[in-house]
Every structure is written in structure tokens, then in C-alpha cells.
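Next up, query_39.cif (mmCIF, C-alpha atoms and all ligand atoms):
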```
data_data
loop_
_atom_site.label_atom_id
_atom_site.label_comp_id
_atom_site.auth_asym_id
_atom_site.auth_seq_id
_atom_site.Cartn_x
_atom_site.Cartn_y
_atom_site.Cartn_z
CA MET A 269 44.16 10.10 -20.91
CA GLY A 270 41.46 12.71 -20.33
CA LEU A 271 38.10 11.81 -21.85
CA HIS A 272 35.41 14.32 -22.76
CA LYS A 273 32.39 12.04 -22.37
CA ILE A 274 31.42 8.38 -22.29
CA THR A 275 28.09 6.53 -22.51
CA VAL A 276 26.96 3.51 -20.53
CA CYS A 277 24.31 1.42 -22.32
CA GLY A 278 21.89 -0.39 -20.04
CA GLY A 279 19.71 0.22 -17.03
CA GLY A 280 20.37 -2.85 -14.90
CA ASN A 281 22.67 -3.72 -11.97
CA GLY A 282 25.98 -3.38 -13.78
CA ALA A 283 25.05 -0.22 -15.72
CA GLN A 284 23.85 1.56 -12.57
CA ALA A 285 27.09 0.58 -10.81
CA LEU A 286 29.39 1.57 -13.68
CA MET A 287 27.82 4.99 -14.19
CA PRO A 288 28.86 6.57 -10.85
CA ILE A 289 32.11 4.54 -10.63
CA ALA A 290 33.23 5.67 -14.11
CA ALA A 291 32.20 9.29 -13.50
CA HIS A 292 34.12 9.27 -10.22
CA ASN A 293 37.25 7.66 -11.68
CA LEU A 294 37.35 9.49 -15.01
CA GLY A 295 36.06 12.86 -13.86
CA CYS A 296 34.12 13.31 -17.10
CA PRO A 297 30.39 13.40 -17.97
CA VAL A 298 28.72 9.99 -18.28
CA ASP A 299 25.53 9.59 -20.32
CA MET A 300 23.19 6.62 -20.06
CA TYR A 301 21.39 4.93 -22.94
CA ALA A 302 18.49 2.90 -21.54
CA PRO A 303 16.01 2.01 -24.30
CA LEU A 304 14.24 -0.91 -22.61
CA GLY A 305 10.63 -0.17 -21.59
CA ASP A 306 10.32 2.85 -19.32
CA GLU A 307 13.80 2.48 -17.82
CA ALA A 308 15.09 5.88 -19.02
CA GLN A 309 12.09 7.56 -17.43
CA ARG A 310 12.49 5.63 -14.17
CA LEU A 311 16.20 6.39 -14.05
CA ARG A 312 15.53 10.09 -14.62
CA ALA A 313 12.86 10.14 -11.91
CA GLY A 314 15.20 8.43 -9.43
CA VAL A 315 18.09 10.72 -10.23
CA GLU A 316 15.84 13.81 -9.94
CA ALA A 317 14.57 12.68 -6.56
CA HIS A 318 17.93 11.67 -5.07
CA GLY A 319 20.48 13.81 -6.92
CA GLY A 320 22.39 10.99 -8.60
CA LEU A 321 23.25 7.30 -8.67
CA GLU A 322 25.23 5.72 -5.87
CA ALA A 323 27.38 2.60 -5.68
CA LYS A 324 27.82 1.48 -2.09
CA GLY A 325 29.47 -1.44 -0.36
CA ALA A 326 32.76 -2.80 -1.66
CA VAL A 327 33.08 0.18 -4.04
CA GLN A 328 31.71 3.60 -3.23
CA ALA A 329 30.94 6.35 -5.70
CA ARG A 330 28.16 8.80 -6.32
CA ALA A 331 27.49 10.87 -9.43
CA ARG A 332 24.72 12.40 -11.47
CA PRO A 333 24.40 11.09 -15.04
CA HIS A 334 24.97 13.88 -17.55
CA ARG A 335 21.99 12.75 -19.66
CA ILE A 336 19.70 9.71 -19.63
CA SER A 337 17.85 8.80 -22.80
CA ALA A 338 16.06 6.03 -24.68
CA ASP A 339 17.06 7.78 -27.93
CA PRO A 340 20.59 6.94 -29.13
CA ALA A 341 20.80 10.22 -31.08
CA GLU A 342 20.70 12.11 -27.77
CA VAL A 343 23.52 10.32 -25.98
CA ILE A 344 25.82 8.37 -28.33
CA PRO A 345 27.27 11.29 -30.39
CA GLY A 346 30.34 12.81 -28.75
CA SER A 347 31.12 9.68 -26.68
CA GLU A 348 34.71 8.48 -26.93
CA VAL A 349 33.82 5.21 -25.17
CA VAL A 350 30.45 3.44 -25.34
CA ALA A 351 30.15 0.53 -22.90
CA LEU A 352 27.37 -2.05 -23.19
CA VAL A 353 26.65 -3.37 -19.70
CA LEU A 354 23.93 -5.76 -20.72
CA PRO A 355 23.11 -9.44 -20.89
CA ALA A 356 24.73 -10.81 -24.06
CA PHE A 357 21.40 -11.48 -25.80
CA ALA A 358 20.83 -7.69 -25.88
CA HIS A 359 24.21 -6.85 -27.48
CA GLU A 360 23.20 -7.22 -31.12
CA ALA A 361 20.01 -5.13 -31.00
CA THR A 362 21.74 -2.42 -28.97
CA LEU A 363 24.72 -2.26 -31.35
CA ARG A 364 22.35 -1.83 -34.30
CA GLN A 365 20.60 1.06 -32.54
CA ILE A 366 23.79 2.93 -31.64
CA ALA A 367 26.04 2.20 -34.64
CA PRO A 368 24.82 5.12 -36.82
CA TYR A 369 25.54 7.62 -34.02
CA LEU A 370 29.02 6.50 -32.94
CA GLU A 371 31.65 9.22 -32.92
CA ARG A 372 34.54 8.91 -35.34
CA ASP A 373 37.30 6.69 -33.87
CA ALA A 374 35.15 5.85 -30.85
CA TRP A 375 35.52 2.66 -28.81
CA VAL A 376 32.48 0.42 -28.41
CA GLY A 377 32.58 -2.59 -26.15
CA ALA A 378 30.87 -4.96 -23.80
CA ILE A 379 31.37 -5.39 -20.06
CA PRO A 380 31.37 -8.35 -19.83
CA ALA A 381 32.00 -9.45 -23.44
CA ARG A 382 30.91 -13.06 -22.87
CA GLY A 383 31.79 -15.30 -25.87
CA GLY A 384 31.98 -14.22 -29.50
CA PHE A 385 31.20 -10.51 -29.02
CA ASP A 386 33.47 -9.72 -31.98
CA TYR A 387 31.51 -12.00 -34.35
CA CYS A 388 28.35 -10.01 -33.77
CA ALA A 389 29.84 -6.52 -33.41
CA ALA A 390 32.25 -6.42 -36.39
CA PRO A 391 29.64 -7.09 -39.14
CA ILE A 392 27.22 -4.53 -37.68
CA LEU A 393 29.91 -1.83 -37.70
CA GLN A 394 30.97 -2.90 -41.18
CA GLU A 395 27.38 -2.64 -42.51
CA GLU A 396 27.33 0.94 -41.21
CA GLY A 397 30.70 1.61 -42.86
CA ARG A 398 32.20 2.21 -39.40
CA GLN A 399 35.58 0.47 -39.64
CA ASP A 400 37.05 3.47 -37.78
CA VAL A 401 35.30 2.31 -34.61
CA ALA A 402 37.35 -0.10 -32.45
CA ILE A 403 35.79 -2.88 -30.41
CA PHE A 404 36.68 -3.88 -26.85
CA GLY A 405 35.53 -6.39 -24.30
CA LEU A 406 36.15 -7.18 -20.66
CA GLN A 407 36.47 -10.76 -19.45
CA THR A 408 33.86 -10.30 -16.73
CA LEU A 409 31.97 -7.64 -14.83
CA PRO A 410 34.44 -6.82 -12.04
CA TRP A 411 31.67 -6.46 -9.45
CA ALA A 412 28.99 -8.66 -7.99
CA CYS A 413 26.26 -6.04 -7.68
CA ARG A 414 22.52 -5.72 -7.16
CA ILE A 415 20.21 -2.72 -7.46
CA GLU A 416 18.95 -1.76 -4.02
CA GLU A 417 16.64 1.02 -5.22
CA TYR A 418 16.11 1.64 -8.93
CA GLY A 419 17.60 4.95 -10.08
CA ARG A 420 19.22 5.54 -6.71
CA GLN A 421 21.49 2.90 -5.24
CA VAL A 422 23.40 -0.25 -6.20
CA HIS A 423 25.01 -2.54 -3.65
CA VAL A 424 28.46 -3.78 -4.72
CA LEU A 425 28.91 -7.08 -2.88
CA GLY A 426 32.38 -7.98 -4.12
CA VAL A 427 35.14 -6.77 -6.44
CA LYS A 428 37.64 -8.75 -8.45
CA LYS A 429 41.26 -7.69 -8.16
CA THR A 430 42.01 -8.00 -11.85
CA VAL A 431 40.11 -8.57 -15.10
CA ALA A 432 41.36 -8.99 -18.67
CA ALA A 433 40.48 -6.73 -21.63
CA ALA A 434 40.83 -7.37 -25.36
CA SER A 435 40.24 -5.39 -28.52
CA ARG A 436 39.64 -5.53 -32.24
CA PRO A 437 42.00 -4.62 -33.82
CA ALA A 438 43.82 -6.84 -31.35
CA ALA A 439 46.93 -4.65 -31.31
CA LEU A 440 44.99 -1.70 -29.85
CA VAL A 441 44.61 -3.41 -26.47
CA GLY A 442 47.55 -1.33 -25.25
CA GLN A 443 45.29 1.73 -25.61
CA ILE A 444 42.04 0.39 -24.17
CA ALA A 445 43.47 -1.58 -21.20
CA PRO A 446 44.89 1.49 -19.39
CA LEU A 447 41.73 3.43 -20.16
CA MET A 448 39.60 0.63 -18.67
CA GLU A 449 41.94 0.47 -15.69
CA GLN A 450 41.34 4.14 -15.02
CA MET A 451 37.59 3.86 -15.59
CA MET A 452 37.01 0.75 -13.45
CA GLY A 453 39.59 1.58 -10.78
CA LEU A 454 41.20 -1.86 -10.77
CA SER A 455 43.94 -3.81 -12.51
CA ILE A 456 43.13 -4.64 -16.16
CA GLY A 457 45.30 -7.17 -17.97
CA ALA A 458 45.73 -7.25 -21.76
CA ALA A 459 44.47 -10.34 -23.60
CA GLY A 460 45.90 -11.10 -27.03
CA SER A 461 42.56 -10.93 -28.88
CA LEU A 462 38.81 -11.15 -28.44
CA LEU A 463 39.12 -14.86 -29.27
CA ALA A 464 41.41 -15.20 -26.24
CA LEU A 465 38.76 -13.41 -24.20
CA THR A 466 36.06 -15.81 -25.47
CA LEU A 467 38.14 -18.71 -24.15
CA ALA A 468 39.11 -16.82 -20.97
CA ASN A 469 35.46 -16.21 -20.04
CA THR A 470 35.35 -18.07 -16.75
CA GLY A 471 31.62 -17.48 -16.21
CA GLN A 472 30.95 -19.95 -19.02
CA LEU A 473 32.63 -22.68 -16.95
CA ILE A 474 31.61 -21.71 -13.44
CA HIS A 475 27.92 -20.95 -13.96
CA PRO A 476 26.69 -23.86 -16.11
CA GLY A 477 29.23 -26.18 -14.41
CA ILE A 478 27.90 -25.46 -10.93
CA MET A 479 24.26 -25.66 -12.15
CA PHE A 480 25.12 -29.12 -13.49
CA GLY A 481 26.85 -30.11 -10.25
CA LEU A 482 23.93 -28.95 -8.11
CA PHE A 483 21.00 -30.08 -10.24
CA ALA A 484 21.93 -32.74 -12.83
CA ARG A 485 20.62 -35.39 -10.44
CA TRP A 486 17.61 -33.37 -9.23
CA ASP A 487 14.60 -35.68 -9.38
CA GLY A 488 11.85 -33.05 -9.45
CA THR A 489 11.15 -33.05 -5.71
CA PRO A 490 10.68 -29.44 -4.52
CA LEU A 491 13.44 -28.08 -2.30
CA ASP A 492 12.69 -26.35 1.00
CA GLN A 493 15.56 -23.89 0.58
CA ALA A 494 17.86 -22.61 -2.15
CA PRO A 495 21.27 -24.30 -1.94
CA LEU A 496 24.33 -22.13 -1.72
CA PHE A 497 25.58 -21.68 -5.28
CA TYR A 498 29.38 -21.45 -5.10
CA GLN A 499 29.88 -22.68 -1.57
CA GLY A 500 27.45 -25.57 -2.11
CA LEU A 501 29.90 -27.08 -4.62
CA ASP A 502 30.92 -30.64 -3.71
CA ALA A 503 34.05 -32.58 -4.71
CA GLU A 504 32.32 -34.16 -7.72
CA GLY A 505 31.11 -30.74 -8.94
CA ALA A 506 34.65 -29.39 -8.58
CA GLU A 507 35.90 -32.28 -10.69
CA LEU A 508 33.45 -31.36 -13.45
CA LEU A 509 34.67 -27.73 -13.30
CA ALA A 510 38.24 -29.02 -13.59
CA GLY A 511 37.13 -31.02 -16.66
CA LEU A 512 35.64 -27.88 -18.26
CA SER A 513 38.83 -25.98 -17.52
CA ASP A 514 40.88 -28.82 -19.03
CA ASP A 515 38.79 -28.63 -22.22
CA VAL A 516 39.62 -24.92 -22.52
CA GLN A 517 43.31 -25.64 -21.89
CA ALA A 518 43.23 -28.28 -24.65
CA ILE A 519 41.94 -25.62 -27.08
CA ARG A 520 44.65 -23.25 -25.86
CA ALA A 521 47.33 -25.90 -26.37
CA ARG A 522 46.14 -26.50 -29.94
CA LEU A 523 46.13 -22.78 -30.85
CA ASP A 524 49.16 -21.61 -28.84
CA GLY A 525 51.85 -20.43 -31.18
CA THR A 526 49.24 -19.28 -33.71
CA LEU A 527 47.54 -16.84 -31.33
CA ASP A 528 48.56 -15.26 -28.01
CA LEU A 529 46.38 -17.15 -25.53
CA SER A 530 48.37 -16.37 -22.38
CA ALA A 531 45.23 -14.80 -20.85
CA VAL A 532 43.46 -18.18 -20.99
CA GLN A 533 44.38 -19.52 -17.56
CA PRO A 534 43.35 -22.73 -15.82
CA LEU A 535 40.34 -22.05 -13.59
CA LEU A 536 42.15 -22.41 -10.25
CA GLU A 537 44.92 -20.06 -11.38
CA TRP A 538 42.32 -17.49 -12.48
CA LEU A 539 40.36 -17.74 -9.21
CA LEU A 540 43.49 -17.13 -7.15
CA ARG A 541 44.46 -14.12 -9.24
CA ALA A 542 40.97 -12.64 -9.40
CA TYR A 543 40.08 -13.08 -5.71
CA GLY A 544 43.48 -13.13 -3.94
CA GLU A 545 43.23 -13.09 -0.18
CA ALA A 546 39.42 -13.50 -0.25
CA ILE A 547 40.21 -17.22 -0.73
CA ALA A 548 41.14 -18.72 2.66
CA ASP A 549 42.22 -22.16 1.38
CA PRO A 550 43.76 -22.03 -2.10
CA SER A 551 44.99 -25.65 -2.09
CA THR A 552 42.44 -27.18 -4.51
CA LEU A 553 39.77 -25.98 -6.93
CA HIS A 554 37.11 -27.25 -4.50
CA SER A 555 38.60 -25.50 -1.46
CA ALA A 556 39.13 -22.29 -3.45
CA PHE A 557 35.41 -22.13 -4.23
CA VAL A 558 34.04 -23.02 -0.81
CA SER A 559 36.49 -20.81 1.11
CA ASN A 560 36.10 -17.71 -1.11
CA SER A 561 34.54 -15.01 1.07
CA ALA A 562 33.44 -13.10 -2.06
CA TYR A 563 31.08 -16.05 -2.76
CA ALA A 564 29.74 -16.35 0.78
CA GLY A 565 25.97 -16.64 1.06
CA LEU A 566 25.22 -16.44 -2.68
CA LYS A 567 22.34 -18.81 -3.47
CA ALA A 568 21.44 -20.92 -6.48
CA PRO A 569 18.61 -19.56 -8.67
CA VAL A 570 15.27 -21.08 -7.66
CA ARG A 571 11.55 -20.42 -8.22
CA GLU A 572 8.77 -20.82 -5.68
CA VAL A 573 6.06 -23.10 -7.08
CA ALA A 574 3.97 -23.25 -3.89
CA PRO A 575 4.51 -21.68 -0.46
CA GLY A 576 7.83 -22.99 0.84
CA GLN A 577 8.36 -25.21 -2.22
CA LEU A 578 11.23 -24.29 -4.51
CA ILE A 579 12.50 -25.68 -7.79
CA PRO A 580 15.74 -24.85 -9.64
CA ASP A 581 15.33 -21.95 -12.05
CA PHE A 582 16.81 -23.33 -15.25
CA SER A 583 15.80 -20.15 -17.11
CA ALA A 584 18.41 -18.18 -15.11
CA ARG A 585 21.28 -16.53 -17.00
CA TYR A 586 23.64 -19.17 -15.63
CA LEU A 587 22.25 -21.38 -18.40
CA THR A 588 20.39 -19.10 -20.84
CA GLU A 589 23.32 -16.69 -21.23
CA ASP A 590 26.40 -18.70 -20.29
CA VAL A 591 25.64 -21.61 -22.62
CA PRO A 592 24.64 -20.00 -25.98
CA PHE A 593 26.90 -16.93 -25.40
CA GLY A 594 29.66 -18.83 -23.59
CA LEU A 595 30.31 -22.54 -23.59
CA ALA A 596 28.80 -23.05 -27.05
CA ALA A 597 31.13 -20.36 -28.49
CA SER A 598 34.23 -21.99 -27.00
CA ARG A 599 33.06 -25.43 -28.01
CA ALA A 600 32.55 -24.21 -31.59
CA ILE A 601 36.14 -22.90 -31.65
CA ALA A 602 37.29 -26.33 -30.38
CA HIS A 603 35.34 -27.96 -33.18
CA LEU A 604 37.11 -25.81 -35.81
CA ALA A 605 40.46 -26.60 -34.15
CA GLY A 606 39.73 -30.35 -34.07
CA VAL A 607 39.87 -30.52 -30.26
CA GLU A 608 37.68 -32.90 -28.22
CA THR A 609 35.73 -31.27 -25.37
CA PRO A 610 34.06 -34.06 -23.38
CA ALA A 611 33.10 -32.01 -20.31
CA MET A 612 31.73 -29.11 -22.37
CA ASP A 613 29.70 -31.49 -24.52
CA GLN A 614 28.17 -33.05 -21.43
CA VAL A 615 27.20 -29.74 -19.84
CA ILE A 616 25.90 -28.17 -23.08
CA ALA A 617 23.76 -31.25 -23.77
CA TRP A 618 22.37 -31.29 -20.21
CA ALA A 619 21.63 -27.53 -20.19
CA GLY A 620 20.06 -27.82 -23.64
CA GLY A 621 17.83 -30.61 -22.36
CA ARG A 622 16.66 -28.40 -19.51
CA LEU A 623 16.03 -25.48 -21.88
CA GLY A 624 14.50 -27.49 -24.71
CA ARG A 625 17.40 -26.49 -26.97
CA ASP A 626 19.94 -28.49 -28.95
CA TYR A 627 22.82 -26.00 -29.15
CA LEU A 628 25.13 -28.59 -30.69
CA GLY A 629 22.67 -29.38 -33.51
CA ARG A 630 19.23 -28.09 -34.45
CA ASP A 631 19.44 -24.84 -32.42
CA ALA A 632 23.11 -23.98 -33.08
CA GLY A 633 21.82 -20.92 -34.98
CA GLU A 634 20.82 -19.37 -31.62
CA ALA A 635 24.35 -19.58 -30.24
CA ARG A 636 27.02 -16.88 -30.81
CA ILE A 637 29.40 -19.21 -32.61
CA PRO A 638 31.80 -18.27 -35.43
CA GLN A 639 30.08 -20.63 -37.89
CA ASN A 640 26.93 -18.44 -37.74
CA TYR A 641 28.94 -15.45 -38.95
CA GLY A 642 30.54 -17.06 -41.98
CA LEU A 643 33.70 -18.20 -40.15
CA GLU A 644 33.70 -21.86 -41.05
CA THR A 645 37.34 -22.91 -40.89
CA LEU A 646 40.10 -22.39 -38.35
CA GLU A 647 42.04 -20.34 -40.91
CA GLN A 648 39.08 -18.00 -41.45
CA LEU A 649 38.59 -17.65 -37.71
CA ILE A 650 42.24 -16.78 -37.08
CA ALA A 651 42.35 -14.35 -40.00
CA PHE A 652 39.19 -12.61 -38.68
CA THR A 653 40.56 -12.50 -35.13
CA MET A 654 43.82 -10.87 -36.19
CA GLU A 655 42.41 -8.46 -38.80
CA ARG A 656 43.97 -5.05 -38.46
CA GLY A 657 40.67 -3.25 -39.07
P1 LIG B 1 20.64 -7.01 -15.41
O1 LIG B 1 19.77 -8.18 -15.24
O2 LIG B 1 20.56 -6.00 -14.33
O3 LIG B 1 20.39 -6.35 -16.80
C1 LIG B 1 19.15 -6.21 -17.26
C2 LIG B 1 19.15 -4.91 -18.00
O4 LIG B 1 19.68 -5.12 -19.31
C3 LIG B 1 17.77 -4.38 -18.20
O5 LIG B 1 17.38 -3.66 -17.05
C4 LIG B 1 17.99 -3.51 -19.40
O6 LIG B 1 18.55 -2.28 -19.04
C5 LIG B 1 19.01 -4.26 -20.19
N1 LIG B 1 18.36 -5.06 -21.23
C6 LIG B 1 17.90 -6.32 -21.14
N2 LIG B 1 17.36 -6.70 -22.31
C7 LIG B 1 17.48 -5.65 -23.15
C8 LIG B 1 17.13 -5.44 -24.50
N3 LIG B 1 16.53 -6.39 -25.21
N4 LIG B 1 17.43 -4.26 -25.05
C9 LIG B 1 18.07 -3.30 -24.33
N5 LIG B 1 18.41 -3.45 -23.06
C10 LIG B 1 18.12 -4.61 -22.49
O7 LIG B 1 22.11 -7.50 -15.68
P2 LIG B 1 23.43 -7.12 -14.90
O8 LIG B 1 23.37 -7.77 -13.56
O9 LIG B 1 23.70 -5.67 -15.01
O10 LIG B 1 24.46 -7.93 -15.77
C11 LIG B 1 24.98 -7.45 -17.00
C12 LIG B 1 25.95 -8.47 -17.50
O11 LIG B 1 26.95 -8.69 -16.49
C13 LIG B 1 25.35 -9.85 -17.76
O12 LIG B 1 26.07 -10.42 -18.80
C14 LIG B 1 25.63 -10.60 -16.47
O13 LIG B 1 25.65 -11.99 -16.65
C15 LIG B 1 26.99 -10.06 -16.13
N6 LIG B 1 27.36 -10.16 -14.71
C16 LIG B 1 26.62 -9.56 -13.76
C17 LIG B 1 27.02 -9.63 -12.43
C18 LIG B 1 26.25 -8.97 -11.33
O14 LIG B 1 26.61 -9.15 -10.16
N7 LIG B 1 25.23 -8.17 -11.60
C19 LIG B 1 28.20 -10.29 -12.09
C20 LIG B 1 28.97 -10.88 -13.11
C21 LIG B 1 28.53 -10.78 -14.42
#
```

Structure rendered as C-alpha cells:
Amino acid sequence: MGLHKITVCGGGNGAQALMPIAAHNLGCPVDMYAPLGDEAQRLRAGVEAHGGLEAKGAVQARARPHRISADPAEVIPGSEVVALVLPAFAHEATLRQIAPYLERDAWVGAIPARGGFDYCAAPILQEEGRQDVAIFGLQTLPWACRIEEYGRQVHVLGVKKTVAAASRPAALVGQIAPLMEQMMGLSIGAAGSLLALTLANTGQLIHPGIMFGLFARWDGTPLDQAPLFYQGLDAEGAELLAGLSDDVQAIRARLDGTLDLSAVQPLLEWLLRAYGEAIADPSTLHSAFVSNSAYAGLKAPVREVAPGQLIPDFSARYLTEDVPFGLAASRAIAHLAGVETPAMDQVIAWAGGRLGRDYLGRDAGEARIPQNYGLETLEQLIAFTMERG
């Protein structure tokens, strides 16, 4: 399908990677909406100085954004696809800013969707009377990427082989998945619904699960170096990840037959599909993590508190995004389905303790869970998920 124009929302790592990759793959103009601080100005200055944005490393593409603006009225109209490449806590505000300017029958979505993107996006579009706009999400950002020079170059460290997409209305996934496949330049599978994608979000298991494995027993003594994040996983940590994956599979088992949850795979199965031959020893969950070359060298988030003295950075997205916009969303679905989630409960409670938040009680209002959007029974949740729009 030939597109006339798309817009990427965001000015961070993922947005600066997607812009040239999408322009290269789609061959159409790509605008950027970057309203945070002076990012639009800095992006424009970088692009002026260097002629465009460049993704280098595991994926290579170079293109000049068509327009860069902090004003949605300048970039959102005329876009057939609007992709939010942002941390999940920025989704809601960004959707409110762009909703009035969305083209008729446009697609708006999040890469990655994280958990419960549909609960926040659908009411905003409805308030604007924009039921013509369809929603999409991708299971994860397909690239590990870091900005090398702002407004000039992004280093793509690794690429996943395949990522799932879902839509609302759910039945339209057959339209958006091939379009995403063309845009991202990799295999995109079709998930049955955005609820399936919420459960299939593997970052929600891997990131808080590994933080727990590495630091639950940390006694406050400063570290002299940052541990490896993925490859520092030990057998006990892998067991916890298996427990989190089992919790998700228990939710899937309860809802299978009511919803298509075939995209919700056990963690080891997903790793092997997503990383393929990058994994040297696929025999166990533990070996699949520590022998995955795409994870090599990546360190745990730490902060320096004195020269050479490091402490774990519990404010990193691995907890602040992946718990309220990930694990808590899946756990809330489990609650509505009457499914026990012992490993999730343990990790959410530990992360909440570290963040001063009780996501299972007092601070549940801060989590993107269906109950906060008026979906208070399993029947309501399923009816919302399968609405035809
Ligand atoms: P990032 O840290 O580079 O994104 C920060 C950017 O988000 C800011 O520069 C700004 O443009 C935007 N932003 C933040 N707060 C905002 C607000 N309140 N309003 C408007 N814009 C705001 O993030 P990233 O690395 O591009 O990641 C984007 C998403 O992809 C996140 O969910 C992240 O967890 C996920 N992810 C990233 C990677 C990676 O390698 N970069 C890998 C997997 C998943």
C-alpha cells in the first residue's frame, strides 16, 4: 500500500530511529511531532547541519524529515499513520494534543504499546468524536537503539526478527500488520486484540523480573561496577522469570476460547522466535538469556553516588514504566478473570516498595489498568476489547 505521509511522535531514541527507517522503507514523507521542551528546535538544527537523520549499526537508513514541529496542527493533518514512539507515561497527553488534528480514517498507535494502550486511547478519541480513527500497537520496539548525536545519528544495537501488532477494532489487524511490516522492514505477526498484546508484552516480565533478580537482596552497599543486565541473570532469577511467564499463561488459559490469545507465548518460546540464531544455547530460559548475543554487554541501570560508588537506579523505566504500564495491567486482567498471579504479585509489591508506590492498593489509580477506565468486570473488558468501533 502506498502511503502519502506519516508522522512519528517523539524525539527520543526510538523516534529518531523510526523516522529514517520508515522513510526509507515506505518511500513517503515522514513528519516529526516533538513537543517536549526545545526538542523540535534541536532536531531541526541537527537536520539542517547534517542533512537528515541516520540510523546506523544493525539497521541502516538515512532520510530528511519532511517537517519537524512542536505544533500538532503543522504535522498531524494529512498523516495516514501517526506512531507514538514514546515512554508509555507520555501516551495520554500526546494523544490529547493530536486527536483534534487526526485525518479521517487515520491510524494512531504506539510503538511499543506497553499494557492497556487501548484503555487510554479509545476514550480520548471518543471524546473528540473520532470513532473513525483506528488504534494500533506493537508488542515491543523492534530495535535496541541509542542516540549517538541528537538530531543526527542513532545507533541500532540489535533488531528483533519478529514483533506482534494488534488493533482496535481488532479485526483490522489484517490491514495494519502488513503496513507495519513494510514500515519497519521486519516480520510483523497479527495478535488477536490489544488485550492479547497487553498480555504478550514481554518487557513487563523481563525488565522488572531481572531488576528483582539482580537487586531484591541488595543490602545498600554501593557497587563498584554495574552488573550485566540480561547476561547477569542467575538460575534463581531465571526461575522467577519463568514464574512470571507462568502467571501470564494462566491468564491465557482462563481466557482462551473467549479471546484469541495465540500471540501470548511462554517467555522462552518468544525469546527463541524474536532472537533466533542470536541465541547460542536455546536449551533453557536461563541459557537463552545469557547466550543471547543481542543482549551482550548491556548493563543494569545504576547511579553514581560518589566517585566509583554505584547504586541501582530504581527510577529507571524497567520499574517506573514496566510496572504501572505493564505488569500491573496484566495483573489487573488476571484479577478480573479470577486468576492467581503469585510471581507478579511478588514483583509488583517489591517494585512498589522501591518506588514508594502501592500499585495493588492505594496507588492503583496511577496504573494503566482496565478498572481505572470503567471496565470493572471480565464481561465489560471482553466487550470493550472486541468492540467493532
Ligand atoms: P526515550 O527515553 O529516548 O524517549 C524520551 C523521549 O520521549 C523524549 O525525548 C521525548 O521526545 C518523549 N517524551 C518524554 N516525555 C514526554 C512528554 N511528557 N510529552 C511528550 N513527549 C515526551 O525513549 P526510547 O528509548 O525512544 O523508548 C521509547 C519506548 O520504547 C519506551 O516505551 C521504551 O521503554 C521502549 N523501548 C526502547 C528501547 C530502546 O532501545 N531505546 C528498546 C525497547 C523498548

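You can rank A:Arg372, A:Arg520, A:Arg585, A:Arg364 by their closest distance to ligand LIG 1 (chain B) using only C-alpha atoms and all ligand atoms, and at the top of that list sits A:Arg585.
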
What do you get as number ranges by chain if you pick all residues at most 9 Å from ligand LIG 1 (chain B), counting all atoms listed in the file? A: 277-285, 301-305, 307-308, 352-362, 378-382, 408-415, 424-426, 471, 585-586, 589-590

Work out how far CA of Gly319 in chain A is from CA of Arg335 in chain A, in Å to one decimal.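 Going from CA of Arg335 in chain A over to CA of Gly319 in chain A, I get 12.9 Å.
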
Hey, can you check how far CA of Lys273 in chain A sits from CA of Asn293 in chain A? 12.5 Å

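Among the candidates A:Lys429, A:His554, A:Arg312, A:Arg485, the residue lying nearest to Glu449 in chain A is A:Lys429 (atoms considered: all atoms listed in the file).
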
Within 10 Å of range 500-505 of chain A, which residues of range 389-488 of chain A show up? Give each one with its shortest atom-to-atom distance in Å (one decimal) and the two atoms involved, counting all atoms listed in the file, rows by chain then rising residue number, as CSV.
```
residue,atom,partner,partner_atom,distance
A:Gly477,CA,A:Gly505,CA,7.4
A:Ile478,CA,A:Gly505,CA,6.5
A:Met479,CA,A:Gly505,CA,9.1
A:Phe480,CA,A:Gly505,CA,7.7
A:Gly481,CA,A:Gly505,CA,4.5
A:Leu482,CA,A:Leu501,CA,7.2
```

As lines of an AutoDock Vina configuration file, please: the centre and edge lengths in Å, to one decimal, of an axis-aligned box enclosing every listed atom of range 352-368 of chain A with 6 Å added on each side.
```
center_x = 23.7
center_y = -3.2
center_z = -28.3
size_x = 19.4
size_y = 28.6
size_z = 29.1
```

Near range 632-643 of chain A, counting all atoms listed in the file, which residues have an atom at most 7 Å away, once you skip same-chain residues fewer than 5 positions from it, shown as a list in words? Gly384, Tyr387, Pro592, Phe593, Ala596, Ala597, Ala600, Asp626, Tyr627, Gln648 and Leu649 of chain A

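Closest approach to Arg625 in chain A from the set A:Leu529, A:Leu587, A:Val350, A:Ala562 is made by A:Leu587, with distances taken over all atoms listed in the file.
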
Could you tell me how far CA of Ala331 in chain A lies from CA of Ala546 in chain A, in Å and to one decimal?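 Interatomic distance here is 28.6 Å.
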